[in-house]
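Inspection log for the structure reproduced underneath, given as structure tokens.
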Amino acid sequence: MAMVNIKINGQPHEVEAGTSILKAAKAFQVNIPTLCYHPDLEPWAACGLCVVKVENSPKMVRACATEVVDGQNYITHDPEIMEIRKTVVELIQSNHPNECLTCARNGSCEFQDISADFCIREAPYCEMLKDLPKDESTPSIVLDPRKCINCGRCVQVCQQLQDVWALEFIDRGYGTVMQPAAGALLNESPCIKCGQCSAHCPVGAIYEKDETEELLAAIRDESKHVAIQVAPAVRVAIGEAFGLEPGVLLTGKIYAALRMLGADAVFDTNFAADLTIMEEGTELVHRLTSKDGGPLPQITSCCPAWTDFMEKYYPDMIPHFSTAKSPMMMQGAVTKTYYAEKAEIDPKDIYSVAIMPCTAKKYEIGRDDNMHASGYNDMDLVITTRELARLIKRAGIDFLNLKDEEADNPIGVYSGAGTIFGVTGGVMEAALRTAYKLVTDEELGDVNIQAVRGMDGVRSGEVPVGDTNLRVAVAHGMANVRQLMDEVREARDTGKEPPYHFIEVMACKGGCIGGGGQPYNTDEEVRQKRAAGIYNDDEKSTVRCSYQNPSIIKIYDDYLGEPLSARSHELLHTRYHARPLYQK
Amino acid sequence: MAKMTLETLRKLREEQKEVIERRDSGDKSIHIIVGMGTCGIAAGAKEALNVFLGEAYTRKMDNVVVKQTGCMGLCYAEPTVEVKMEGMPDTLYGNVDAAVARKIVNLHLLGGKLVNDHVFDYPARDINKE
Amino acid sequence: MAIKNYCLVCGGSGCAAGKADDIYHGLLTAADACGIGNDVQIVKTGCFGLCEKGPIVKVLPEEAFYVEVKPEDAETIVNEHLLKGRIVDSLLYREKGADKTDLSEIKFYQKQMRLVLRNCGVIDPEEINEYIARQGYAALEKVLFELTPEEVLEELKVSGLRGRGGAGFPTWLKWKFTADVDSAEKFIVCNADEGDPGAYMDRSTLEGDPHSILEAMTIAAKTVGADHGVIYIRAEYPLAIKRLEIALKQAREFGLLGDDILGSGFSFDIEIRLGAGAFVCGEETALLASTEGNRGMPIPKPPFPAVKGLFDKPTVINNVETYANIPLIIIKGGAWFNAIGTEKSPGTKVFALTGKIENSGLVEVPMGTTLREIIFDVGGGIRDGKEFKAVQTGGPSGGVITKDYLDTPIDFDHLTAIGSMMGSGGMIVMDEDDCIVDITKFYMEFCVDESCGKCAPCRIGTKRMHQILDKITTGKATLEDLQKLKDIGLATQKASLCGLGQTAANPVLSTMKYFEEEYLEHIRDGKCRAGKCKDLVSYTIDAEKCIGCTVCARKCPVPCISGERKMPHVIDQDQCIKCGACFDVCKFGAVIVA
């Protein structure tokens, strides 16, 4: 790597060529303020706060978007620069509602933090706000354009990271707003509800639809039996909201907290992840071995944002989709059937809640009639990691000092294969562990399938399963999917051998650990640490494969029969439909 | 039009240059000014004008510009033509019919001699001056 | 057959608006009607520059320069001038205060040096043969067959040509950056998104001499190794687009564009992209984004387009006027060009001269000509004998220049030194009747409208500055607002992403510097000395002078003037809308503005 010699405020440093001034300064303990730059995104250079001086040049440059040049001295802070930044902060403030106390981002707002640093005690300019309504059309995300500071992150996320193009800059100049094209509401747009916009928004302009009040109401209702499940990715991220490093495993404390909040039963979505593997793995084996098993490759369908994307952008791929529901929906279905039967509770009294790293899950519970397989709403409510963290604080729970507890039976025990659903490549790895057994009837020697792990946007490889080398591919971040889908499509249309047997897709970068409902300030480093936490959970599990999970064995023996049985189909499988990009 | 080569482009430019330069009067050294008042036209100034234009064109006299003007005041001697060129005095000719016009081209313009019997004086020049 | 007369009818947009087209057809019809259709040639040319006096018809060889010609004059020109040789005296151009009609003596043209506009008003822009006749495509010949790319770059370097779009970056260097990049695909882009208010240099060049741009772009392509060109032009230039389309078609037919140009083996073609007229799309990165079909918003530089431009490929992007200079430099040599103008800014510059000036129009002068020469000699001075107040150069990005600086020689560096800028060549002259705050507000309003909305300092800063200027002009500002105006101005200048925002505050900062007293008058005394800020003026009638003629009362649109005949009249201040009609009609100076 080529290195260049630069100076930051006169101090000599050696940095990698191609580094931005912002990153270089940060590496040497100098923080340059910014509101629009996010490490997940290309610098957009909108906010104007990161301007710095280059010695001997009359112009100021944006530190986020300017690469260091050998020999230059960058002045990052001097009275003039700080004065200019202050004026810019004042200008943005004048255009932003002074509603911090009632804002969704109160306490976690990047603009609030920066404003605090600049000590602006009196607003020099009269408030001048956009008179725009909130968009609460989706069950997942709220758009509040009044609070938008036009940093452009959401548009970049939606277009570059996710390739969805639901959000766009509309109008020009002072009237510029971020919203779907042609004045459509978000639920009429191609939006897949992944919530990455809300996870990247520096202020309270885009946020998850908070449904903690609904949960509290259900808990208050004596007639309701509140059953709460927890998704894998939540347990390695929620600690961040309480000041812990990312990746710290807090499964037992979450169970305890949920009980303190008033849950009547605490389950783990990981149990249903194992169930999903049984169904989906068997489905894969069918496709591999039988002509009427369905076309190859099989594509995973446990990510609701991805299935929504596929229904809109790749409806011709529907036959490739595993018909298995997502773990959350399977858990919901068995909660109101199998569990209700076992616990002798009338399913109509069960209120089924999921704690998810995801905003799209809020949409998934009502996506179509198949979500009522139990005869009731299989799922009643979805709460994101961020919402749960706030709720725990509101309930006065000293979260970090709780004693670890266990989940409730019979749908709370999980294998290591279930937990790795939370990270990109995990579903694939979990499925392969079981598929190996199904195909070869042998135990897999090393269950750590390194070929599908990692954080590259698209990964592919061959995994020997019996006589065949299974060609597999993994993609995460919607923008990385197109390449794989186009390969599959081309092979299909030209009558060639499919390039893959099995493909896993997760809408969010890093998989669910990087989900749109996870704590703020997620970047590559954070995702790596959360992923490490998930693999740690897998490692320390005594059972590493879904088919070995005793609770799984029991549910098939007692209730479902076998994978892909009639009852499984009724409760655990679904269908997909082509949907228009714009519904207006 | 077929696509051109370097040669055809150069040839075309030479041809077109002549055409467009005829428009340009700025650098031309010989000025022939034909009186085209009603009296002049009635007396045949148009024929004289055509002779000058035609001769200049066919003989490729690039430095000749043929201008028109109104009545020059010598109505008794129409058509009248004024010739200005370097090395010769400004001369006003009267009674210029086609034949005389040809003579002016041959003698005055090419030969450097005045066509004596058609030279007239400028009327009231001393008054017109100011 | 020999042609007796040539009528050159201006075919520029300005004259077209004055029905030049009707004049053109009128001349044709009238000439045919009296049987001289074959003796005269009637040509529609590009702009003559003296747009104030358009439509213009020039008749050769008599060099009769007819101005403000109306369609009905066509018959007169034919019957009198073409048929009888009688120059139509009433239509001839007369310079103010003189009776000069001889073209060579017109001051408007005397100090001009028309290089860029060399063919405007001379040739028929829709006829490639006429361009070829005037050395057209000779430079391309040289570049294709005689010069190496290095030699072309060297010639440009010697010429010292700097980009005419505003910033004045050395053209040869731009080309060299692109030439030096190893890429299978490169682009040549022509920026014809002229957007300064009142500026139309590029439009006129494209309307009057489109082939010169095509030739220059082809030269650039050969030099840097590009095979595709794009002209980005605003859709509201229909005539320029039409002429370009004709020129492209002709050039392709002649083999001067397309595959294997002139048998040289070099291939290049050009397409036209229409812009929707956003000012910011004149900024090169926004222009390229728009050309790609994206929203026209600037992106940070570097990387510069020369290295990573259109579709991320190396791209030479120059504006129209820069390209128009290229063929001349190739034909006559860099040294010839370098001798014109000033040492650091060689060559000429075209300006669109507008405002309170006698000869509004398009002028081209050597760099180094002083503002005084342009305004008072070429421009004929201030209209109606009023007092010169200031001149704004560089459009909404520039600053004002006061009379103390009239003798500043115009070039890139001098204009920047006095707080303005060259810009693309807009030049707006103001007189004593213009209120400096009001004008500054006008420019700021333009910037507010044209800000793309991407970056906060520009998007909000321009809006805020406009608000404060509005407060000042309506008498609601305090002295504190002046400081705020300055603060925002500096922040917008330093923290904006692109040239639009970085320069949007220039009018504010420069007028505050040179006309501080006028700002203070507005705020402190509630007065607008020019009488432009309606909220700050009042109209009253001097009872001593009023003779009670009733004219003002009859002209008042409200009406709010009352009074008996032959008795002094009175204006009802509560009703008065300050339209100024009474002031204009009073012959006795009895209406007082204060």
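Note on naming: chains are A, B, ... as they come in the structure tokens, residues start from 1 per chain, ligands start from 1 in the order shown.
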- prompt: Within 6 Å of chain C, which residues of chain A show up when using only C-alpha atoms, listed as a VMD selection string?
  reply: chain A and resid 46 to 48 60 84 88 172 to 174 176
Could you produce a table of the residues of chain C lying within 6 Å of chain B, with the nearest pair of atoms per residue and their separation in Å rounded to one decimal, using only C-alpha atoms, ordered by chain and increasing residue number, as JSON lines?
```
{"residue": "C:Ala2", "atom": "CA", "partner": "B:Leu53", "partner_atom": "CA", "distance": 5.8}
{"residue": "C:Pro61", "atom": "CA", "partner": "B:Ser25", "partner_atom": "CA", "distance": 5.5}
{"residue": "C:Glu62", "atom": "CA", "partner": "B:Lys67", "partner_atom": "CA", "distance": 5.9}
{"residue": "C:Lys84", "atom": "CA", "partner": "B:Met36", "partner_atom": "CA", "distance": 4.7}
{"residue": "C:Gly85", "atom": "CA", "partner": "B:Thr69", "partner_atom": "CA", "distance": 4.2}
{"residue": "C:Arg86", "atom": "CA", "partner": "B:Gly70", "partner_atom": "CA", "distance": 4.5}
{"residue": "C:Ile132", "atom": "CA", "partner": "B:Arg13", "partner_atom": "CA", "distance": 5.5}
{"residue": "C:Ala133", "atom": "CA", "partner": "B:Lys17", "partner_atom": "CA", "distance": 4.3}
{"residue": "C:Phe254", "atom": "CA", "partner": "B:Lys3", "partner_atom": "CA", "distance": 4.7}
{"residue": "C:Gly255", "atom": "CA", "partner": "B:Lys3", "partner_atom": "CA", "distance": 4.4}
{"residue": "C:Leu262", "atom": "CA", "partner": "B:Thr5", "partner_atom": "CA", "distance": 4.5}
{"residue": "C:Gly263", "atom": "CA", "partner": "B:Thr5", "partner_atom": "CA", "distance": 5.8}
```
message: Give me the residues near Ile81 of chain A as a PyMOL selection string, where near means some atom within 10 Å (using only C-alpha atoms) and where sequence neighbours in that chain fewer than 4 positions away do not count.
response: (chain A and resi 49-53+60+75-77+85-87) or (chain C and resi 491+494-495)
Write the residues of the selection above to a file with N, CA and C atoms, as an mmCIF file, in the first residue's frame.
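Written output follows (again11.cif):
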```
data_model
loop_
_atom_site.group_PDB
_atom_site.id
_atom_site.type_symbol
_atom_site.label_atom_id
_atom_site.label_comp_id
_atom_site.auth_asym_id
_atom_site.auth_seq_id
_atom_site.Cartn_x
_atom_site.Cartn_y
_atom_site.Cartn_z
ATOM 1 N N LEU A 49 -20.183 20.791 6.905
ATOM 2 C CA LEU A 49 -19.570 20.985 8.218
ATOM 3 C C LEU A 49 -18.109 20.570 8.260
ATOM 4 N N CYS A 50 -17.718 19.668 7.369
ATOM 5 C CA CYS A 50 -16.377 19.097 7.487
ATOM 6 C C CYS A 50 -15.331 19.902 6.725
ATOM 7 N N VAL A 51 -15.657 21.143 6.365
ATOM 8 C CA VAL A 51 -14.678 21.928 5.607
ATOM 9 C C VAL A 51 -13.397 22.139 6.411
ATOM 10 N N VAL A 52 -12.299 21.994 5.711
ATOM 11 C CA VAL A 52 -10.993 22.252 6.324
ATOM 12 C C VAL A 52 -10.171 23.107 5.362
ATOM 13 N N LYS A 53 -9.098 23.671 5.905
ATOM 14 C CA LYS A 53 -8.233 24.481 5.053
ATOM 15 C C LYS A 53 -7.047 23.643 4.591
ATOM 16 N N MET A 60 -11.620 26.375 0.926
ATOM 17 C CA MET A 60 -11.719 25.284 1.889
ATOM 18 C C MET A 60 -12.230 24.046 1.141
ATOM 19 N N ILE A 75 -5.464 22.172 7.869
ATOM 20 C CA ILE A 75 -5.881 22.846 9.098
ATOM 21 C C ILE A 75 -7.330 22.451 9.334
ATOM 22 N N THR A 76 -7.574 21.686 10.380
ATOM 23 C CA THR A 76 -8.935 21.178 10.596
ATOM 24 C C THR A 76 -9.733 22.061 11.539
ATOM 25 N N HIS A 77 -9.046 22.763 12.430
ATOM 26 C CA HIS A 77 -9.752 23.608 13.381
ATOM 27 C C HIS A 77 -8.961 24.890 13.597
ATOM 28 N N ARG A 85 -18.284 26.830 10.599
ATOM 29 C CA ARG A 85 -19.080 25.646 10.949
ATOM 30 C C ARG A 85 -20.260 26.037 11.820
ATOM 31 N N LYS A 86 -20.010 26.972 12.733
ATOM 32 C CA LYS A 86 -21.089 27.384 13.621
ATOM 33 C C LYS A 86 -22.222 28.030 12.818
ATOM 34 N N THR A 87 -21.862 28.889 11.869
ATOM 35 C CA THR A 87 -22.894 29.502 11.033
ATOM 36 C C THR A 87 -23.676 28.438 10.277
ATOM 37 N N ALA C 491 -19.911 32.024 5.271
ATOM 38 C CA ALA C 491 -20.107 30.581 5.432
ATOM 39 C C ALA C 491 -20.516 29.953 4.101
ATOM 40 N N LYS C 494 -17.428 29.766 1.847
ATOM 41 C CA LYS C 494 -16.378 28.823 2.209
ATOM 42 C C LYS C 494 -16.875 27.382 2.277
ATOM 43 N N ALA C 495 -18.118 27.181 2.653
ATOM 44 C CA ALA C 495 -18.562 25.823 2.965
ATOM 45 C C ALA C 495 -19.443 25.201 1.884
#
```
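Around Leu353 of chain C, within 10 Å and counting only C-alpha atoms, the residues found are Gly49, Leu50, Cys51, Glu52, Gly198, Ala199, Tyr200, Met201, Asn359, Ser360, Gly361, Leu362, Val363, Ile374, Ile375, Val378, Gly379, Val391, Thr393, Gly425, Gly426, Met427, Ile428 and Val429 of chain C, once anything fewer than 6 positions away on its own chain is removed.
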If we count only C-alpha atoms and set the cut-off at 12 Å, which residues sit around segment 65-74 of chain C, ignoring sequence neighbours fewer than 6 positions away in its own chain? Please answer as a short mmCIF file (atom, residue, chain, number, x, y, z; two decimals) with N, CA and C atoms, in the first residue's frame.
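The file below, selection27.cif, is the result:
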```
data_model
loop_
_atom_site.label_atom_id
_atom_site.label_comp_id
_atom_site.auth_asym_id
_atom_site.auth_seq_id
_atom_site.Cartn_x
_atom_site.Cartn_y
_atom_site.Cartn_z
N CYS C 7 -27.60 40.73 -49.34
CA CYS C 7 -28.29 41.22 -48.14
C CYS C 7 -28.05 40.23 -47.02
N LEU C 8 -27.39 40.68 -45.97
CA LEU C 8 -27.17 39.79 -44.82
C LEU C 8 -28.20 40.14 -43.75
N VAL C 9 -29.10 39.22 -43.52
CA VAL C 9 -30.15 39.45 -42.53
C VAL C 9 -29.75 38.70 -41.26
N CYS C 10 -29.77 39.40 -40.13
CA CYS C 10 -29.37 38.74 -38.89
C CYS C 10 -30.35 37.63 -38.55
N GLY C 14 -32.25 37.15 -31.01
CA GLY C 14 -32.73 38.48 -30.67
C GLY C 14 -33.47 39.11 -31.84
N CYS C 15 -32.82 39.10 -32.99
CA CYS C 15 -33.44 39.69 -34.18
C CYS C 15 -34.63 38.86 -34.65
N ALA C 16 -34.54 37.54 -34.41
CA ALA C 16 -35.67 36.69 -34.79
C ALA C 16 -36.91 37.12 -34.03
N ALA C 17 -36.69 37.49 -32.76
CA ALA C 17 -37.82 37.96 -31.96
C ALA C 17 -38.39 39.25 -32.54
N GLY C 18 -37.54 40.02 -33.24
CA GLY C 18 -37.98 41.25 -33.90
C GLY C 18 -38.47 40.98 -35.32
N LYS C 19 -38.85 39.76 -35.60
CA LYS C 19 -39.42 39.35 -36.88
C LYS C 19 -38.41 39.39 -38.02
N ALA C 20 -37.16 39.07 -37.74
CA ALA C 20 -36.16 39.04 -38.80
C ALA C 20 -36.53 38.03 -39.89
N ASP C 21 -37.23 37.01 -39.46
CA ASP C 21 -37.63 35.99 -40.42
C ASP C 21 -38.58 36.57 -41.46
N ASP C 22 -39.52 37.40 -41.00
CA ASP C 22 -40.45 38.05 -41.92
C ASP C 22 -39.69 38.98 -42.86
N ILE C 23 -38.67 39.64 -42.30
CA ILE C 23 -37.88 40.56 -43.13
C ILE C 23 -37.16 39.77 -44.23
N TYR C 24 -36.59 38.66 -43.82
CA TYR C 24 -35.87 37.80 -44.76
C TYR C 24 -36.78 37.37 -45.91
N HIS C 25 -37.95 36.87 -45.55
CA HIS C 25 -38.88 36.43 -46.59
C HIS C 25 -39.42 37.61 -47.39
N GLY C 26 -39.61 38.74 -46.71
CA GLY C 26 -40.07 39.95 -47.39
C GLY C 26 -39.09 40.38 -48.45
N LEU C 27 -37.80 40.30 -48.11
CA LEU C 27 -36.77 40.69 -49.08
C LEU C 27 -36.80 39.75 -50.29
N LEU C 28 -36.91 38.46 -50.00
CA LEU C 28 -36.95 37.48 -51.09
C LEU C 28 -38.13 37.74 -52.03
N THR C 29 -39.29 37.93 -51.44
CA THR C 29 -40.50 38.13 -52.23
C THR C 29 -40.40 39.41 -53.05
N ALA C 30 -39.97 40.48 -52.38
CA ALA C 30 -39.91 41.77 -53.08
C ALA C 30 -38.89 41.72 -54.21
N ALA C 31 -37.76 41.06 -53.96
CA ALA C 31 -36.73 40.98 -55.00
C ALA C 31 -37.25 40.21 -56.20
N ILE C 42 -29.77 36.81 -50.79
CA ILE C 42 -30.21 37.18 -49.45
C ILE C 42 -29.83 36.06 -48.49
N PHE C 48 -25.06 39.92 -35.31
CA PHE C 48 -24.14 41.03 -35.57
C PHE C 48 -23.62 41.66 -34.28
N GLY C 49 -24.30 41.38 -33.20
CA GLY C 49 -23.84 41.91 -31.92
C GLY C 49 -24.59 43.13 -31.43
N LEU C 50 -25.01 43.97 -32.35
CA LEU C 50 -25.65 45.22 -31.92
C LEU C 50 -27.14 44.96 -31.70
N CYS C 51 -27.40 44.11 -30.74
CA CYS C 51 -28.76 43.60 -30.57
C CYS C 51 -29.75 44.69 -30.17
N GLU C 52 -29.24 45.70 -29.48
CA GLU C 52 -30.08 46.84 -29.08
C GLU C 52 -30.84 47.40 -30.27
N LYS C 53 -30.18 47.38 -31.44
CA LYS C 53 -30.77 48.03 -32.61
C LYS C 53 -31.34 47.03 -33.61
N GLY C 54 -31.51 45.81 -33.20
CA GLY C 54 -32.02 44.82 -34.13
C GLY C 54 -33.47 45.04 -34.49
N PRO C 55 -33.97 44.37 -35.49
CA PRO C 55 -33.26 43.49 -36.41
C PRO C 55 -32.34 44.27 -37.36
N ILE C 56 -31.27 43.61 -37.74
CA ILE C 56 -30.25 44.25 -38.56
C ILE C 56 -30.19 43.62 -39.95
N VAL C 57 -30.08 44.47 -40.96
CA VAL C 57 -29.87 44.00 -42.33
C VAL C 57 -28.68 44.77 -42.89
N LYS C 58 -27.71 44.03 -43.36
CA LYS C 58 -26.52 44.68 -43.92
C LYS C 58 -26.52 44.39 -45.41
N VAL C 59 -26.36 45.46 -46.23
CA VAL C 59 -26.38 45.26 -47.68
C VAL C 59 -24.99 45.55 -48.25
N GLU C 80 -35.74 50.63 -53.26
CA GLU C 80 -34.85 51.78 -53.25
C GLU C 80 -33.40 51.36 -53.43
N HIS C 81 -32.92 50.56 -52.52
CA HIS C 81 -31.50 50.24 -52.51
C HIS C 81 -31.12 49.23 -53.61
N LEU C 82 -31.78 48.10 -53.59
CA LEU C 82 -31.36 47.04 -54.51
C LEU C 82 -31.69 47.39 -55.96
N ILE C 87 -29.52 54.31 -51.17
CA ILE C 87 -29.43 53.79 -49.80
C ILE C 87 -30.56 54.38 -48.97
N VAL C 88 -31.21 53.55 -48.22
CA VAL C 88 -32.37 53.99 -47.44
C VAL C 88 -31.88 54.69 -46.18
N ASP C 89 -31.76 55.96 -46.29
CA ASP C 89 -31.15 56.77 -45.25
C ASP C 89 -31.83 56.61 -43.89
N SER C 90 -33.14 56.51 -43.92
CA SER C 90 -33.87 56.50 -42.65
C SER C 90 -33.60 55.25 -41.82
N LEU C 91 -33.10 54.20 -42.46
CA LEU C 91 -32.87 52.96 -41.73
C LEU C 91 -31.43 52.80 -41.28
N LEU C 92 -30.57 53.71 -41.77
CA LEU C 92 -29.15 53.56 -41.45
C LEU C 92 -28.87 53.78 -39.97
N TYR C 93 -27.86 53.07 -39.47
CA TYR C 93 -27.48 53.22 -38.08
C TYR C 93 -26.82 54.57 -37.84
N ARG C 94 -27.26 55.22 -36.80
CA ARG C 94 -26.63 56.48 -36.41
C ARG C 94 -26.16 56.36 -34.97
N GLU C 95 -24.90 56.68 -34.79
CA GLU C 95 -24.41 56.64 -33.43
C GLU C 95 -24.91 57.86 -32.68
N LYS C 100 -22.88 59.75 -38.03
CA LYS C 100 -22.03 58.83 -38.76
C LYS C 100 -22.82 57.58 -39.14
N THR C 101 -22.66 57.20 -40.33
CA THR C 101 -23.37 56.02 -40.77
C THR C 101 -22.43 55.02 -41.41
N ASP C 102 -21.19 55.44 -41.59
CA ASP C 102 -20.23 54.55 -42.23
C ASP C 102 -19.84 53.44 -41.25
N LEU C 103 -19.98 52.23 -41.74
CA LEU C 103 -19.76 51.08 -40.87
C LEU C 103 -18.38 51.11 -40.21
N SER C 104 -17.40 51.53 -40.97
CA SER C 104 -16.04 51.49 -40.45
C SER C 104 -15.86 52.50 -39.32
N GLU C 105 -16.79 53.42 -39.20
CA GLU C 105 -16.63 54.43 -38.17
C GLU C 105 -17.52 54.19 -36.96
N ILE C 106 -18.30 53.13 -37.01
CA ILE C 106 -19.16 52.87 -35.86
C ILE C 106 -18.32 52.45 -34.67
N GLY C 121 -22.67 36.92 -38.47
CA GLY C 121 -23.06 38.07 -39.26
C GLY C 121 -22.33 38.11 -40.59
#
```
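Pairwise distance (atom CA of Leu415 of chain C, atom CA of Lys441 of chain C) equals 21.9 Å.
For the pair atom CA of Val181 of chain C and atom CA of Gly309 of chain C, the interatomic distance is 11.8 Å.
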- request: Excluding segment 124-131 of chain C and residues on its chain fewer than 5 positions from it, collect all residues at most 9 Å away from it, counting only C-alpha atoms, and give them as a list in words.
  value: Leu12, Arg13, Gln16, Lys17, Val19 and Ile20 of chain B; Leu8, Gly11, Val43, Lys44, Thr45, Gly46, Asn119, Gly136, Tyr137, Leu206, Glu207, Gly208, Asp209, Pro210, His211, Ser212, Arg243, Leu244, Ile246, Ala247, Gln250 and Ala251 of chain C
task: Output as a PyMOL selection string all residues of segment 116-335 of chain C that backbone DSSP marks as strand (DSSP E).
output: chain C and resi 187-192+228-234+269-275+315-319
- request: Report the residues of segment 312-494 of chain A whose backbone DSSP state falls under alpha helix (DSSP H), written as a PyMOL selection string.
  value: chain A and resi 312-313+327-334+340-343+360-364+385-394+416-419+426-440+481-493
Keeping only C-alpha atoms, write those residues as an mmCIF file, in the first residue's frame.
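Output saved as part.cif:
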```cif
data_model
loop_
_atom_site.group_PDB
_atom_site.id
_atom_site.type_symbol
_atom_site.label_atom_id
_atom_site.label_comp_id
_atom_site.auth_asym_id
_atom_site.auth_seq_id
_atom_site.Cartn_x
_atom_site.Cartn_y
_atom_site.Cartn_z
ATOM 1 C CA LYS A 312 -41.332 -6.410 -7.133
ATOM 2 C CA TYR A 313 -38.107 -6.680 -9.105
ATOM 3 C CA PRO A 327 -38.495 -18.390 11.410
ATOM 4 C CA MET A 328 -40.542 -15.617 13.018
ATOM 5 C CA MET A 329 -43.702 -16.602 11.174
ATOM 6 C CA MET A 330 -43.125 -20.316 11.857
ATOM 7 C CA GLN A 331 -42.645 -19.522 15.518
ATOM 8 C CA GLY A 332 -45.868 -17.519 15.452
ATOM 9 C CA ALA A 333 -47.785 -20.342 13.809
ATOM 10 C CA VAL A 334 -46.585 -23.031 16.239
ATOM 11 C CA ALA A 340 -51.422 -23.500 22.736
ATOM 12 C CA GLU A 341 -52.342 -27.165 22.663
ATOM 13 C CA LYS A 342 -49.496 -28.192 24.972
ATOM 14 C CA ALA A 343 -50.071 -25.342 27.438
ATOM 15 C CA ALA A 360 -39.586 -5.223 7.508
ATOM 16 C CA LYS A 361 -40.767 -7.828 10.030
ATOM 17 C CA LYS A 362 -43.454 -5.334 11.063
ATOM 18 C CA TYR A 363 -44.707 -5.521 7.515
ATOM 19 C CA GLU A 364 -44.259 -9.279 7.171
ATOM 20 C CA THR A 385 -34.072 -3.935 18.998
ATOM 21 C CA ARG A 386 -34.094 -0.147 19.350
ATOM 22 C CA GLU A 387 -37.641 -0.132 20.686
ATOM 23 C CA LEU A 388 -36.907 -2.916 23.165
ATOM 24 C CA ALA A 389 -33.867 -1.075 24.502
ATOM 25 C CA ARG A 390 -35.977 2.019 25.120
ATOM 26 C CA LEU A 391 -38.706 -0.048 26.744
ATOM 27 C CA ILE A 392 -36.248 -1.747 29.087
ATOM 28 C CA LYS A 393 -34.969 1.672 30.167
ATOM 29 C CA ARG A 394 -38.478 3.010 30.561
ATOM 30 C CA GLY A 416 -26.035 -23.333 16.956
ATOM 31 C CA ALA A 417 -27.418 -23.616 13.453
ATOM 32 C CA GLY A 418 -30.464 -21.617 14.533
ATOM 33 C CA THR A 419 -28.490 -18.753 15.956
ATOM 34 C CA GLY A 426 -25.725 -18.353 8.346
ATOM 35 C CA VAL A 427 -28.882 -19.748 6.798
ATOM 36 C CA MET A 428 -26.772 -21.350 4.119
ATOM 37 C CA GLU A 429 -24.387 -22.864 6.656
ATOM 38 C CA ALA A 430 -27.217 -24.091 8.863
ATOM 39 C CA ALA A 431 -29.011 -25.617 5.884
ATOM 40 C CA LEU A 432 -25.861 -27.331 4.653
ATOM 41 C CA ARG A 433 -25.277 -28.910 8.059
ATOM 42 C CA THR A 434 -28.715 -30.531 7.880
ATOM 43 C CA ALA A 435 -28.759 -31.186 4.125
ATOM 44 C CA TYR A 436 -25.511 -33.115 4.507
ATOM 45 C CA LYS A 437 -27.199 -35.395 6.970
ATOM 46 C CA LEU A 438 -30.336 -35.713 4.850
ATOM 47 C CA VAL A 439 -28.397 -36.567 1.702
ATOM 48 C CA THR A 440 -25.613 -38.703 3.105
ATOM 49 C CA VAL A 481 -28.242 -9.397 -5.503
ATOM 50 C CA ARG A 482 -28.712 -8.285 -9.071
ATOM 51 C CA GLN A 483 -25.502 -9.924 -10.214
ATOM 52 C CA LEU A 484 -26.584 -13.350 -8.895
ATOM 53 C CA MET A 485 -30.146 -13.110 -10.154
ATOM 54 C CA ASP A 486 -28.972 -12.101 -13.606
ATOM 55 C CA GLU A 487 -26.664 -15.127 -13.721
ATOM 56 C CA VAL A 488 -29.526 -17.445 -12.787
ATOM 57 C CA ARG A 489 -31.880 -15.826 -15.238
ATOM 58 C CA GLU A 490 -29.433 -16.042 -18.115
ATOM 59 C CA ALA A 491 -28.726 -19.730 -17.502
ATOM 60 C CA ARG A 492 -32.453 -20.432 -17.285
ATOM 61 C CA ASP A 493 -33.295 -18.485 -20.432
#
```
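When atom CA of Glu151 of chain C is paired with atom CA of Ala139 of chain C, their separation reads 13.0 Å.
Remark: for Val83 of chain B, the closest of the candidate residues B:Ala48, B:Ala43, B:Val100, B:Leu109 is B:Leu109 (distances computed over only C-alpha atoms).
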query: Contacts of Val115 of chain B at 9 Å or less, counting only C-alpha atoms, minus same-chain residues fewer than 4 places along, as a ChimeraX atom specification?
result: /B:93,100,103-104,107-108,119
